[in-house]
Structures are given as structure tokens and as C-alpha cells.
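Novice: Please find input-v1.pdb (PDB, C-alpha atoms, pLDDT in the B column) on the next line:
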```pdb
ATOM      1  CA  MET A  66       0.000   0.000   0.000  1.00 80.00           C
ATOM      2  CA  LYS A  67       1.510   3.302  -1.098  1.00 88.00           C
ATOM      3  CA  GLN A  68       1.342   6.025   1.546  1.00 90.00           C
ATOM      4  CA  LYS A  69       1.823   9.773   1.719  1.00 93.00           C
ATOM      5  CA  ILE A  70       2.934  11.064   5.113  1.00 93.00           C
ATOM      6  CA  VAL A  71       3.258  14.732   6.139  1.00 94.00           C
ATOM      7  CA  ILE A  72       5.360  15.503   9.221  1.00 93.00           C
ATOM      8  CA  LYS A  73       5.926  18.992  10.607  1.00 93.00           C
ATOM      9  CA  VAL A  74       9.479  19.511  11.842  1.00 92.00           C
ATOM     10  CA  GLN A  75      10.919  22.657  13.419  1.00 90.00           C
ATOM     11  CA  MET A  76      13.641  23.741  10.970  1.00 87.00           C
ATOM     12  CA  ASP A  77      15.296  27.171  10.903  1.00 86.00           C
ATOM     13  CA  CYS A  78      18.005  26.950   8.241  1.00 89.00           C
ATOM     14  CA  ASP A  79      18.710  25.202   4.947  1.00 90.00           C
ATOM     15  CA  LYS A  80      21.230  22.904   6.629  1.00 92.00           C
ATOM     16  CA  CYS A  81      18.508  21.616   8.967  1.00 90.00           C
ATOM     17  CA  ARG A  82      16.193  21.079   5.999  1.00 91.00           C
ATOM     18  CA  SER A  83      18.772  19.019   4.144  1.00 92.00           C
ATOM     19  CA  LYS A  84      19.408  16.925   7.291  1.00 92.00           C
ATOM     20  CA  ALA A  85      15.679  16.265   7.630  1.00 92.00           C
ATOM     21  CA  LEU A  86      15.483  15.171   3.985  1.00 92.00           C
ATOM     22  CA  LYS A  87      18.466  12.835   4.451  1.00 93.00           C
ATOM     23  CA  ILE A  88      16.960  11.265   7.575  1.00 92.00           C
ATOM     24  CA  ALA A  89      13.638  10.705   5.820  1.00 92.00           C
ATOM     25  CA  ALA A  90      15.298   9.363   2.650  1.00 92.00           C
ATOM     26  CA  VAL A  91      17.202   6.572   4.421  1.00 92.00           C
ATOM     27  CA  THR A  92      14.074   5.234   6.131  1.00 89.00           C
ATOM     28  CA  LYS A  93      12.963   1.830   4.842  1.00 89.00           C
ATOM     29  CA  GLY A  94      10.221   1.941   2.202  1.00 89.00           C
ATOM     30  CA  VAL A  95      10.595   5.623   1.248  1.00 91.00           C
ATOM     31  CA  SER A  96      10.487   6.356  -2.490  1.00 92.00           C
ATOM     32  CA  SER A  97      10.385  10.187  -2.505  1.00 93.00           C
ATOM     33  CA  VAL A  98      10.891  13.048  -0.037  1.00 94.00           C
ATOM     34  CA  SER A  99      10.025  16.726  -0.408  1.00 94.00           C
ATOM     35  CA  LEU A 100       9.443  19.896   1.616  1.00 93.00           C
ATOM     36  CA  GLU A 101       6.151  21.779   1.679  1.00 91.00           C
ATOM     37  CA  GLY A 102       4.446  24.497   3.674  1.00 87.00           C
ATOM     38  CA  GLU A 103       4.850  28.244   3.832  1.00 88.00           C
ATOM     39  CA  GLU A 104       8.028  28.043   5.868  1.00 89.00           C
ATOM     40  CA  ARG A 105       9.185  24.786   4.236  1.00 90.00           C
ATOM     41  CA  ASP A 106       8.840  23.053   7.578  1.00 90.00           C
ATOM     42  CA  GLU A 107       6.710  20.077   6.470  1.00 92.00           C
ATOM     43  CA  VAL A 108       8.447  16.930   5.278  1.00 93.00           C
ATOM     44  CA  VAL A 109       6.324  14.997   2.761  1.00 94.00           C
ATOM     45  CA  VAL A 110       7.309  11.340   2.411  1.00 94.00           C
ATOM     46  CA  THR A 111       5.801   8.852  -0.055  1.00 93.00           C
ATOM     47  CA  GLY A 112       6.524   5.148  -0.361  1.00 92.00           C
ATOM     48  CA  ASN A 113       5.394   1.597   0.300  1.00 91.00           C
ATOM     49  CA  GLU A 114       4.973   0.263   3.841  1.00 88.00           C
ATOM     50  CA  ILE A 115       6.827   3.110   5.559  1.00 90.00           C
ATOM     51  CA  ASP A 116       7.504   2.582   9.252  1.00 89.00           C
ATOM     52  CA  LEU A 117       6.003   5.803  10.574  1.00 89.00           C
ATOM     53  CA  VAL A 118       7.157   5.269  14.156  1.00 89.00           C
ATOM     54  CA  CYS A 119      10.825   4.853  13.163  1.00 91.00           C
ATOM     55  CA  LEU A 120      10.664   7.875  10.874  1.00 91.00           C
ATOM     56  CA  ALA A 121       9.123  10.118  13.522  1.00 90.00           C
ATOM     57  CA  LYS A 122      11.540   8.825  16.164  1.00 91.00           C
ATOM     58  CA  ALA A 123      14.569   9.572  13.961  1.00 92.00           C
ATOM     59  CA  LEU A 124      13.328  13.093  13.218  1.00 92.00           C
ATOM     60  CA  ARG A 125      12.566  13.752  16.899  1.00 91.00           C
ATOM     61  CA  LYS A 126      16.021  12.506  17.874  1.00 92.00           C
ATOM     62  CA  LYS A 127      17.658  15.116  15.639  1.00 90.00           C
ATOM     63  CA  PHE A 128      15.188  18.035  15.818  1.00 89.00           C
ATOM     64  CA  HIS A 129      13.436  17.405  19.193  1.00 88.00           C
ATOM     65  CA  TYR A 130      10.077  18.137  17.556  1.00 88.00           C
ATOM     66  CA  ALA A 131       8.208  16.196  14.871  1.00 91.00           C
ATOM     67  CA  ASN A 132       4.433  16.321  14.613  1.00 91.00           C
ATOM     68  CA  ILE A 133       2.612  13.909  12.303  1.00 92.00           C
ATOM     69  CA  LEU A 134       0.053  15.967  10.374  1.00 93.00           C
ATOM     70  CA  LYS A 135      -1.377  13.586   7.816  1.00 92.00           C
ATOM     71  CA  VAL A 136      -1.188   9.955   6.704  1.00 92.00           C
ATOM     72  CA  GLU A 137      -3.104   9.005   3.571  1.00 92.00           C
ATOM     73  CA  GLU A 138      -3.162   6.303   0.942  1.00 89.00           C
ATOM     74  CA  VAL A 139      -1.973   7.247  -2.540  1.00 84.00           C
ATOM     75  CA  LYS A 140      -3.852   5.725  -5.460  1.00 80.00           C
ATOM     76  CA  ASP A 141      -2.160   5.225  -8.813  1.00 71.00           C
ATOM     77  CA  LYS A 142      -4.176   6.540 -11.750  1.00 69.00           C
ATOM     78  CA  ASP A 143      -2.784   3.915 -14.118  1.00 67.00           C
ATOM     79  CA  LYS A 144      -3.686   1.122 -11.738  1.00 66.00           C
ATOM     80  CA  ASP A 145      -7.232   2.447 -11.310  1.00 61.00           C
ATOM     81  CA  LYS A 146      -7.721   2.541 -15.083  1.00 67.00           C
ATOM     82  CA  LYS A 147      -6.525  -1.040 -15.422  1.00 67.00           C
ATOM     83  CA  GLU A 148      -8.877  -2.186 -12.657  1.00 66.00           C
ATOM     84  CA  GLU A 149     -11.823  -0.492 -14.347  1.00 65.00           C
ATOM     85  CA  GLU A 150     -10.992  -2.190 -17.650  1.00 65.00           C
ATOM     86  CA  THR A 151     -10.618  -5.615 -16.091  1.00 66.00           C
ATOM     87  CA  LYS A 152     -13.848  -5.513 -14.108  1.00 67.00           C
ATOM     88  CA  LEU A 153     -16.105  -8.378 -15.068  1.00 61.00           C
ATOM     89  CA  LEU A 154     -19.560  -7.521 -16.251  1.00 61.00           C
ATOM     90  CA  PRO A 155     -22.437  -9.381 -14.590  1.00 63.00           C
ATOM     91  CA  ILE A 156     -23.715 -12.251 -16.707  1.00 56.00           C
ATOM     92  CA  PRO A 157     -27.465 -12.262 -17.392  1.00 57.00           C
ATOM     93  CA  LEU A 158     -29.365 -15.165 -15.869  1.00 53.00           C
ATOM     94  CA  SER A 159     -30.195 -16.615 -19.270  1.00 52.00           C
ATOM     95  CA  TYR A 160     -26.507 -17.464 -19.879  1.00 49.00           C
ATOM     96  CA  TYR A 161     -25.802 -19.367 -16.687  1.00 51.00           C
ATOM     97  CA  TYR A 162     -24.964 -23.016 -17.104  1.00 57.00           C
ATOM     98  CA  GLY A 163     -28.007 -25.235 -16.720  1.00 58.00           C
ATOM     99  CA  TYR A 164     -30.527 -22.439 -16.807  1.00 57.00           C
ATOM    100  CA  TYR A 165     -33.063 -22.335 -19.581  1.00 61.00           C
ATOM    101  CA  PRO A 166     -35.264 -19.311 -20.153  1.00 62.00           C
ATOM    102  CA  PRO A 167     -39.008 -19.860 -19.719  1.00 67.00           C
ATOM    103  CA  CYS A 168     -40.887 -20.899 -22.838  1.00 69.00           C
ATOM    104  CA  PRO A 169     -43.454 -18.510 -24.250  1.00 69.00           C
ATOM    105  CA  PRO A 170     -47.068 -19.520 -23.636  1.00 69.00           C
ATOM    106  CA  SER A 171     -48.498 -21.563 -26.488  1.00 66.00           C
ATOM    107  CA  VAL A 172     -52.026 -22.150 -27.648  1.00 59.00           C
ATOM    108  CA  ALA A 173     -52.961 -25.753 -28.421  1.00 58.00           C
ATOM    109  CA  CYS A 174     -56.025 -24.971 -30.492  1.00 57.00           C
ATOM    110  CA  GLU A 175     -57.155 -21.698 -31.986  1.00 57.00           C
ATOM    111  CA  TYR A 176     -60.516 -22.973 -33.282  1.00 56.00           C
ATOM    112  CA  PRO A 177     -63.544 -23.283 -31.059  1.00 59.00           C
ATOM    113  CA  ASP A 178     -64.188 -26.742 -32.428  1.00 59.00           C
ATOM    114  CA  ALA A 179     -61.784 -29.140 -30.688  1.00 56.00           C
ATOM    115  CA  SER A 180     -62.247 -31.931 -33.277  1.00 62.00           C
ATOM    116  CA  ASN A 181     -60.101 -30.053 -35.815  1.00 59.00           C
ATOM    117  CA  CYS A 182     -57.247 -29.576 -33.340  1.00 56.00           C
ATOM    118  CA  ILE A 183     -54.157 -31.683 -34.015  1.00 62.00           C
ATOM    119  CA  VAL A 184     -52.329 -31.228 -30.737  1.00 62.00           C
ATOM    120  CA  MET A 185     -54.162 -32.244 -27.601  1.00 54.00           C
TER     121      MET A 185
END
```
Take the structure from the file and write it as C-alpha cells.

Specialist:
Amino acid sequence: MKQKIVIKVQMDCDKCRSKALKIAAVTKGVSSVSLEGEERDEVVVTGNEIDLVCLAKALRKKFHYANILKVEEVKDKDKDKKEEETKLLPIPLSYYYGYYPPCPPSVACEYPDASNCIVM
């Protein structure tokens, strides 16, 4: 499951920002790291099966403050399109194995005189 995690870290200078990016980048499962926010104090991490506790602990060890703001699942657009294409359509009941549609009603004799009727 691909995740997007936003962690707010107290960073004052560019050197601190680069250290925070390095700490986040070496965490297991991380595929990309970036900075966001007005003051560039939010570390945005995306990846598969990221250990959030280890990441927050490592950032708190260095910066003494790391607040987890958001954790959300990232959906791939290409994967969603493939899933929509491969969805199976429901099969009508008339095509199930062993099921025969009901026969239309039939009239045995159209004439009022039953002696002329062939089928009885």
C-alpha cells in the first residue's frame, strides 16, 4: 500500500532542511521526499509500507520536535484505469450453465371446435 505522510518539523536553516530530507530518505520503504508548507517546515514522504514510528523517532532525535500531520493512501491513476478495464460484467441469468429461459405460452387450439385440433 503506497502512503503519503506529512510531518511537521521545526527547521530554521537550509542545513537543517537538508538533514531532515536525508533522515527521511534513508528510512525503509521511502520512495520520494520533499518539503512543503509556507516556511518549508513540512516533510512529505511517499513510499510503500513506511515505518512511521521509526521515521518520527529519527526526526525527533535530531530536531526534538516532529508532529505527524497527515497519513493518507496514494492511489495510482494507471492502476485504477486497469482495474476499471478488467472488471467483469455481470452475466445475465439466461446465460448461466443449466438455466433455460421460460418458454413462451403456447395455444394448443385456436378454433372453437376441438375436433379439428391436431395437438391435444

Novice: Considering all atoms listed in the file, state which residue in the set A:Ser99, A:Gln75, A:Gln68, A:Ser83 is at the smallest distance from A:Leu117.

Specialist: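 That would be A:Gln68, the residue with the smallest distance to A:Leu117.
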
Novice: Taking only C-alpha atoms into account, name the residue in A:Cys81, A:Ile70, A:Cys119, A:Leu134 that is nearest to A:Ser97.

Specialist: A:Ile70

Novice: Would you please work out which residue, of A:Glu137, A:Ala89, A:Lys67, A:Cys78, is nearest to A:Ala121 when using all atoms listed in the file?

Specialist: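 Of A:Glu137, A:Ala89, A:Lys67, A:Cys78, the one nearest A:Ala121, counting all atoms listed in the file, is A:Ala89.
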
Novice: Just to confirm, what's the straight-line distance from atom CA of A:Lys135 to atom CA of A:Thr111 in Å (one decimal)?

Specialist: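 Straight-line distance from atom CA of A:Lys135 to atom CA of A:Thr111 works out to 11.7 Å.
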
Novice: List every protein, DNA or RNA residue with an atom no more than 12 Å from (-0.9, -0.2, -1.0) in the file's coordinates, counting all atoms listed in the file, and format the result as a VMD selection string.

Specialist: chain A and resid 66 to 69 94 111 to 115 137 to 141 144

Novice: Just give me the gap between atom CA of A:Arg105 and atom CA of A:Ile133 in Å, one decimal is fine.

Specialist: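 Taking atom CA of A:Arg105 as the start and atom CA of A:Ile133 as the end point, the length is 15.1 Å.
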